[in-house]
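J.: PDB, C-alpha atoms, saved as work-v1.pdb, coming up:
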```pdb
ATOM      1  CA  MET R   1     -24.920   6.147 100.464  1.00  0.00           C
ATOM      2  CA  ASN R   2     -27.075   4.064  98.105  1.00  0.00           C
ATOM      3  CA  ILE R   3     -26.966   4.224  94.306  1.00  0.00           C
ATOM      4  CA  THR R   4     -29.042   2.448  91.695  1.00  0.00           C
ATOM      5  CA  THR R   5     -27.302   0.743  88.772  1.00  0.00           C
ATOM      6  CA  LYS R   6     -28.627  -1.046  85.715  1.00  0.00           C
ATOM      7  CA  LEU R   7     -26.236  -4.006  86.089  1.00  0.00           C
ATOM      8  CA  PHE R   8     -26.151  -4.452  89.860  1.00  0.00           C
ATOM      9  CA  GLY R   9     -29.441  -2.956  91.064  1.00  0.00           C
ATOM     10  CA  GLU R  10     -29.365  -0.851  94.208  1.00  0.00           C
ATOM     11  CA  ILE R  11     -26.074  -1.015  96.064  1.00  0.00           C
ATOM     12  CA  SER R  12     -24.741   0.595  99.208  1.00  0.00           C
ATOM     13  CA  ILE R  13     -21.388   2.308  98.772  1.00  0.00           C
ATOM     14  CA  ASN R  14     -18.840   4.057 100.924  1.00  0.00           C
ATOM     15  CA  GLU R  15     -18.503   7.614  99.571  1.00  0.00           C
ATOM     16  CA  GLU R  16     -14.729   7.374 100.090  1.00  0.00           C
ATOM     17  CA  ARG R  17     -14.603   4.828  97.226  1.00  0.00           C
ATOM     18  CA  ILE R  18     -15.964   7.316  94.667  1.00  0.00           C
ATOM     19  CA  ILE R  19     -13.447   8.192  91.956  1.00  0.00           C
ATOM     20  CA  ARG R  20     -13.889  11.764  90.676  1.00  0.00           C
ATOM     21  CA  PHE R  21     -12.871  12.838  87.180  1.00  0.00           C
ATOM     22  CA  VAL R  22     -13.050  16.634  87.491  1.00  0.00           C
ATOM     23  CA  LYS R  23     -13.529  17.146  83.734  1.00  0.00           C
ATOM     24  CA  GLY R  24     -15.539  13.953  83.248  1.00  0.00           C
ATOM     25  CA  ILE R  25     -14.326  11.206  80.935  1.00  0.00           C
ATOM     26  CA  ILE R  26     -13.773  11.531  77.187  1.00  0.00           C
ATOM     27  CA  GLY R  27     -17.115  11.912  75.441  1.00  0.00           C
ATOM     28  CA  PHE R  28     -19.055  12.217  78.707  1.00  0.00           C
ATOM     29  CA  PRO R  29     -17.919  15.435  80.426  1.00  0.00           C
ATOM     30  CA  GLN R  30     -21.100  15.563  82.543  1.00  0.00           C
ATOM     31  CA  LEU R  31     -20.284  12.241  84.244  1.00  0.00           C
ATOM     32  CA  GLN R  32     -17.691  12.902  86.922  1.00  0.00           C
ATOM     33  CA  ASP R  33     -18.258  10.476  89.786  1.00  0.00           C
ATOM     34  CA  PHE R  34     -17.592   6.762  89.381  1.00  0.00           C
ATOM     35  CA  LEU R  35     -17.245   3.630  91.430  1.00  0.00           C
ATOM     36  CA  LEU R  36     -15.075   0.639  90.556  1.00  0.00           C
ATOM     37  CA  ILE R  37     -17.192  -2.514  90.992  1.00  0.00           C
ATOM     38  CA  HIS R  38     -15.944  -6.086  90.678  1.00  0.00           C
ATOM     39  CA  ASP R  39     -18.624  -8.645  89.808  1.00  0.00           C
ATOM     40  CA  SER R  40     -17.748 -11.327  92.356  1.00  0.00           C
ATOM     41  CA  GLU R  41     -20.389 -13.704  90.952  1.00  0.00           C
ATOM     42  CA  LYS R  42     -18.558 -14.000  87.625  1.00  0.00           C
ATOM     43  CA  GLN R  43     -15.100 -14.194  89.245  1.00  0.00           C
ATOM     44  CA  GLY R  44     -13.412 -12.896  86.104  1.00  0.00           C
ATOM     45  CA  SER R  45     -10.817 -10.223  85.605  1.00  0.00           C
ATOM     46  CA  ILE R  46     -13.336  -7.638  84.390  1.00  0.00           C
ATOM     47  CA  SER R  47     -14.512  -4.889  86.726  1.00  0.00           C
ATOM     48  CA  TRP R  48     -16.946  -2.080  85.985  1.00  0.00           C
ATOM     49  CA  LEU R  49     -16.407   1.666  86.147  1.00  0.00           C
ATOM     50  CA  GLN R  50     -19.954   2.571  87.188  1.00  0.00           C
ATOM     51  CA  SER R  51     -21.248   6.133  86.986  1.00  0.00           C
ATOM     52  CA  VAL R  52     -22.733   7.373  90.237  1.00  0.00           C
ATOM     53  CA  GLN R  53     -24.853   9.935  88.349  1.00  0.00           C
ATOM     54  CA  GLU R  54     -26.177   7.725  85.512  1.00  0.00           C
ATOM     55  CA  PRO R  55     -27.464   4.240  86.477  1.00  0.00           C
ATOM     56  CA  ALA R  56     -27.229   2.855  82.921  1.00  0.00           C
ATOM     57  CA  PHE R  57     -23.626   3.965  82.331  1.00  0.00           C
ATOM     58  CA  ALA R  58     -20.938   1.412  83.218  1.00  0.00           C
ATOM     59  CA  ILE R  59     -17.705   0.716  81.347  1.00  0.00           C
ATOM     60  CA  PRO R  60     -15.929  -2.655  81.573  1.00  0.00           C
ATOM     61  CA  VAL R  61     -12.310  -2.262  82.685  1.00  0.00           C
ATOM     62  CA  MET R  62      -9.529  -4.705  83.425  1.00  0.00           C
ATOM     63  CA  ASN R  63      -5.848  -4.915  84.209  1.00  0.00           C
ATOM     64  CA  PRO R  64      -4.076  -5.445  80.859  1.00  0.00           C
ATOM     65  CA  LEU R  65      -1.468  -7.596  82.602  1.00  0.00           C
ATOM     66  CA  ASP R  66      -4.202 -10.207  83.139  1.00  0.00           C
ATOM     67  CA  VAL R  67      -4.302 -10.684  79.351  1.00  0.00           C
ATOM     68  CA  VAL R  68      -0.701 -10.061  78.311  1.00  0.00           C
ATOM     69  CA  PRO R  69       1.845 -10.487  81.115  1.00  0.00           C
ATOM     70  CA  ASP R  70       4.625  -7.923  81.123  1.00  0.00           C
TER      71      ASP R  70
END
```
Using the file provided, produce a representation of the structure as structure tokens.
T.:
Amino acid sequence: MNITTKLFGEISINEERIIRFVKGIIGFPQLQDFLLIHDSEKQGSISWLQSVQEPAFAIPVMNPLDVVPD
């Protein structure tokens, strides 16, 4: 399956990697399907929760333990 994103352009994804939020996410109930994308070019700890339905919607996410170890 191919999707188009604002940050990464057109990418090919495995549908098994899609994360579904049945009720959407807070403030965006219409957006239910997301893909977790790591920007390997920047090699940082930030990944992106990219909407499959809305190309311009991507939220930066990261593991908090990368910033403040337990």
J.: To one decimal in Å, tell me the separation between atom CA of Thr5 of chain R and atom CA of Pro55 of chain R.
T.: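 Atom CA of Pro55 of chain R lies 4.2 Å from atom CA of Thr5 of chain R.
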J.: So, counting only C-alpha atoms, which residue among R:Phe8, R:Val52, R:Met62, R:Val68 is closest to Gln30 of chain R?
T.: R:Val52
J.: Ranking R:Leu35, R:Ile3, R:Ala58, R:Leu65 by minimum distance to Arg17 of chain R and counting only C-alpha atoms, which one comes first?
T.: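 Between R:Leu35, R:Ile3, R:Ala58, R:Leu65, the residue approaching Arg17 of chain R most closely is R:Leu35.
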J.: To one decimal place, how far is atom CA of Gln32 of chain R from atom CA of Arg20 of chain R in Å?
T.: 5.5 Å
J.: Can you tell me which residues surround Ile59 of chain R at a distance of at most 9 Å, considering only C-alpha atoms, apart from same-chain residues fewer than 2 positions away, and format the answer as an MDAnalysis selection string?
T.: chainID R and resid 47:51 57 61
J.: Would you mind reading off the distance between atom CA of Ser40 of chain R and atom CA of Gly24 of chain R, one decimal, in Å?
T.: 27.0 Å
J.: Could you please give me, as a VMD selection string, the residues of protein, DNA or RNA lying at most 12 Å from (-20.8, -2.3, 99.9) in the coordinate frame of the file, considering all atoms listed in the file?
T.: chain R and resid 1 to 3 8 10 to 18 35 to 38
J.: Assuming 8 Å of padding per side, give the centre and edge lengths of the axis-aligned box around every listed atom of segment 1-17 of chain R, in Å to one decimal and as AutoDock Vina command-line options.
T.:
```
--center_x -22.0 --center_y 1.6 --center_z 93.3 --size_x 30.8 --size_y 28.1 --size_z 31.2
```
J.: Specify as a PyMOL selection string each residue included when the PyMOL selection byres ((chain R and resi 21) around 9) is applied to this file.
T.: chain R and resi 19-20+22-25+29+31-34
J.: Given the file shown, enumerate the residues that the PyMOL selection byres ((chain R and resi 45) around 8) captures and present them as a list in words.
T.: Gln43, Gly44, Ile46, Ser47, Met62, Asn63 and Asp66 of chain R
J.: Taking only C-alpha atoms, show chain R of the given structure as a PDB file, in the first residue's frame.
T.:
```
ATOM      1  CA  MET R   1       0.000   0.000   0.000  1.00  0.00           C
ATOM      2  CA  ASN R   2       1.272   3.503  -0.812  1.00  0.00           C
ATOM      3  CA  ILE R   3       0.421   6.660   1.132  1.00  0.00           C
ATOM      4  CA  THR R   4       1.359  10.269   0.522  1.00  0.00           C
ATOM      5  CA  THR R   5       2.718  12.355   3.399  1.00  0.00           C
ATOM      6  CA  LYS R   6       3.693  15.999   3.660  1.00  0.00           C
ATOM      7  CA  LEU R   7       6.983  15.260   5.463  1.00  0.00           C
ATOM      8  CA  PHE R   8       8.135  12.104   3.693  1.00  0.00           C
ATOM      9  CA  GLY R   9       6.434  12.254   0.287  1.00  0.00           C
ATOM     10  CA  GLU R  10       4.990   9.043  -1.097  1.00  0.00           C
ATOM     11  CA  ILE R  11       5.969   5.966   0.872  1.00  0.00           C
ATOM     12  CA  SER R  12       5.185   2.286   0.569  1.00  0.00           C
ATOM     13  CA  ILE R  13       3.920   0.700   3.770  1.00  0.00           C
ATOM     14  CA  ASN R  14       2.990  -2.730   5.015  1.00  0.00           C
ATOM     15  CA  GLU R  15      -0.672  -2.562   6.092  1.00  0.00           C
ATOM     16  CA  GLU R  16       0.201  -4.703   9.129  1.00  0.00           C
ATOM     17  CA  ARG R  17       2.155  -1.722  10.538  1.00  0.00           C
ATOM     18  CA  ILE R  18      -0.937   0.517  10.678  1.00  0.00           C
ATOM     19  CA  ILE R  19      -1.935   1.458  14.224  1.00  0.00           C
ATOM     20  CA  ARG R  20      -5.709   1.923  14.586  1.00  0.00           C
ATOM     21  CA  PHE R  21      -7.262   4.185  17.210  1.00  0.00           C
ATOM     22  CA  VAL R  22     -10.918   3.117  17.037  1.00  0.00           C
ATOM     23  CA  LYS R  23     -12.189   6.429  18.459  1.00  0.00           C
ATOM     24  CA  GLY R  24      -9.466   8.523  16.826  1.00  0.00           C
ATOM     25  CA  ILE R  25      -7.055  10.577  18.910  1.00  0.00           C
ATOM     26  CA  ILE R  26      -7.995  13.444  21.223  1.00  0.00           C
ATOM     27  CA  GLY R  27      -9.172  16.400  19.163  1.00  0.00           C
ATOM     28  CA  PHE R  28      -9.135  14.441  15.895  1.00  0.00           C
ATOM     29  CA  PRO R  29     -11.776  11.693  16.167  1.00  0.00           C
ATOM     30  CA  GLN R  30     -11.961  11.334  12.366  1.00  0.00           C
ATOM     31  CA  LEU R  31      -8.296  10.277  12.136  1.00  0.00           C
ATOM     32  CA  GLN R  32      -8.064   6.631  13.125  1.00  0.00           C
ATOM     33  CA  ASP R  33      -5.252   5.014  11.155  1.00  0.00           C
ATOM     34  CA  PHE R  34      -1.623   5.917  11.801  1.00  0.00           C
ATOM     35  CA  LEU R  35       1.854   4.737  10.999  1.00  0.00           C
ATOM     36  CA  LEU R  36       4.908   5.173  13.213  1.00  0.00           C
ATOM     37  CA  ILE R  37       7.750   6.520  11.040  1.00  0.00           C
ATOM     38  CA  HIS R  38      11.342   7.042  12.156  1.00  0.00           C
ATOM     39  CA  ASP R  39      13.280   9.628  10.146  1.00  0.00           C
ATOM     40  CA  SER R  40      16.490   7.671   9.579  1.00  0.00           C
ATOM     41  CA  GLU R  41      18.157  10.652   7.869  1.00  0.00           C
ATOM     42  CA  LYS R  42      18.084  12.712  11.072  1.00  0.00           C
ATOM     43  CA  GLN R  43      19.073   9.766  13.301  1.00  0.00           C
ATOM     44  CA  GLY R  44      17.465  11.362  16.345  1.00  0.00           C
ATOM     45  CA  SER R  45      15.146   9.958  18.949  1.00  0.00           C
ATOM     46  CA  ILE R  46      12.045  11.563  17.429  1.00  0.00           C
ATOM     47  CA  SER R  47       9.643   9.473  15.367  1.00  0.00           C
ATOM     48  CA  TRP R  48       6.425  10.582  13.699  1.00  0.00           C
ATOM     49  CA  LEU R  49       2.892   9.318  14.225  1.00  0.00           C
ATOM     50  CA  GLN R  50       1.700   9.867  10.653  1.00  0.00           C
ATOM     51  CA  SER R  51      -1.986   9.809   9.747  1.00  0.00           C
ATOM     52  CA  VAL R  52      -2.794   7.433   6.916  1.00  0.00           C
ATOM     53  CA  GLN R  53      -5.943   9.433   6.071  1.00  0.00           C
ATOM     54  CA  GLU R  54      -4.516  12.987   6.211  1.00  0.00           C
ATOM     55  CA  PRO R  55      -1.134  13.574   4.495  1.00  0.00           C
ATOM     56  CA  ALA R  56      -0.421  16.826   6.377  1.00  0.00           C
ATOM     57  CA  PHE R  57      -1.093  15.396   9.849  1.00  0.00           C
ATOM     58  CA  ALA R  58       1.940  13.985  11.677  1.00  0.00           C
ATOM     59  CA  ILE R  59       2.730  14.243  15.385  1.00  0.00           C
ATOM     60  CA  PRO R  60       6.303  14.011  16.707  1.00  0.00           C
ATOM     61  CA  VAL R  61       6.649  11.288  19.345  1.00  0.00           C
ATOM     62  CA  MET R  62       9.561   9.933  21.329  1.00  0.00           C
ATOM     63  CA  ASN R  63      10.440   7.602  24.157  1.00  0.00           C
ATOM     64  CA  PRO R  64      10.581   9.763  27.311  1.00  0.00           C
ATOM     65  CA  LEU R  65      13.373   7.565  28.668  1.00  0.00           C
ATOM     66  CA  ASP R  66      15.618   8.986  25.926  1.00  0.00           C
ATOM     67  CA  VAL R  67      15.358  12.379  27.660  1.00  0.00           C
ATOM     68  CA  VAL R  68      15.074  11.448  31.333  1.00  0.00           C
ATOM     69  CA  PRO R  69      16.380   7.970  32.182  1.00  0.00           C
ATOM     70  CA  ASP R  70      14.288   6.072  34.698  1.00  0.00           C
TER      71      ASP R  70
END
```
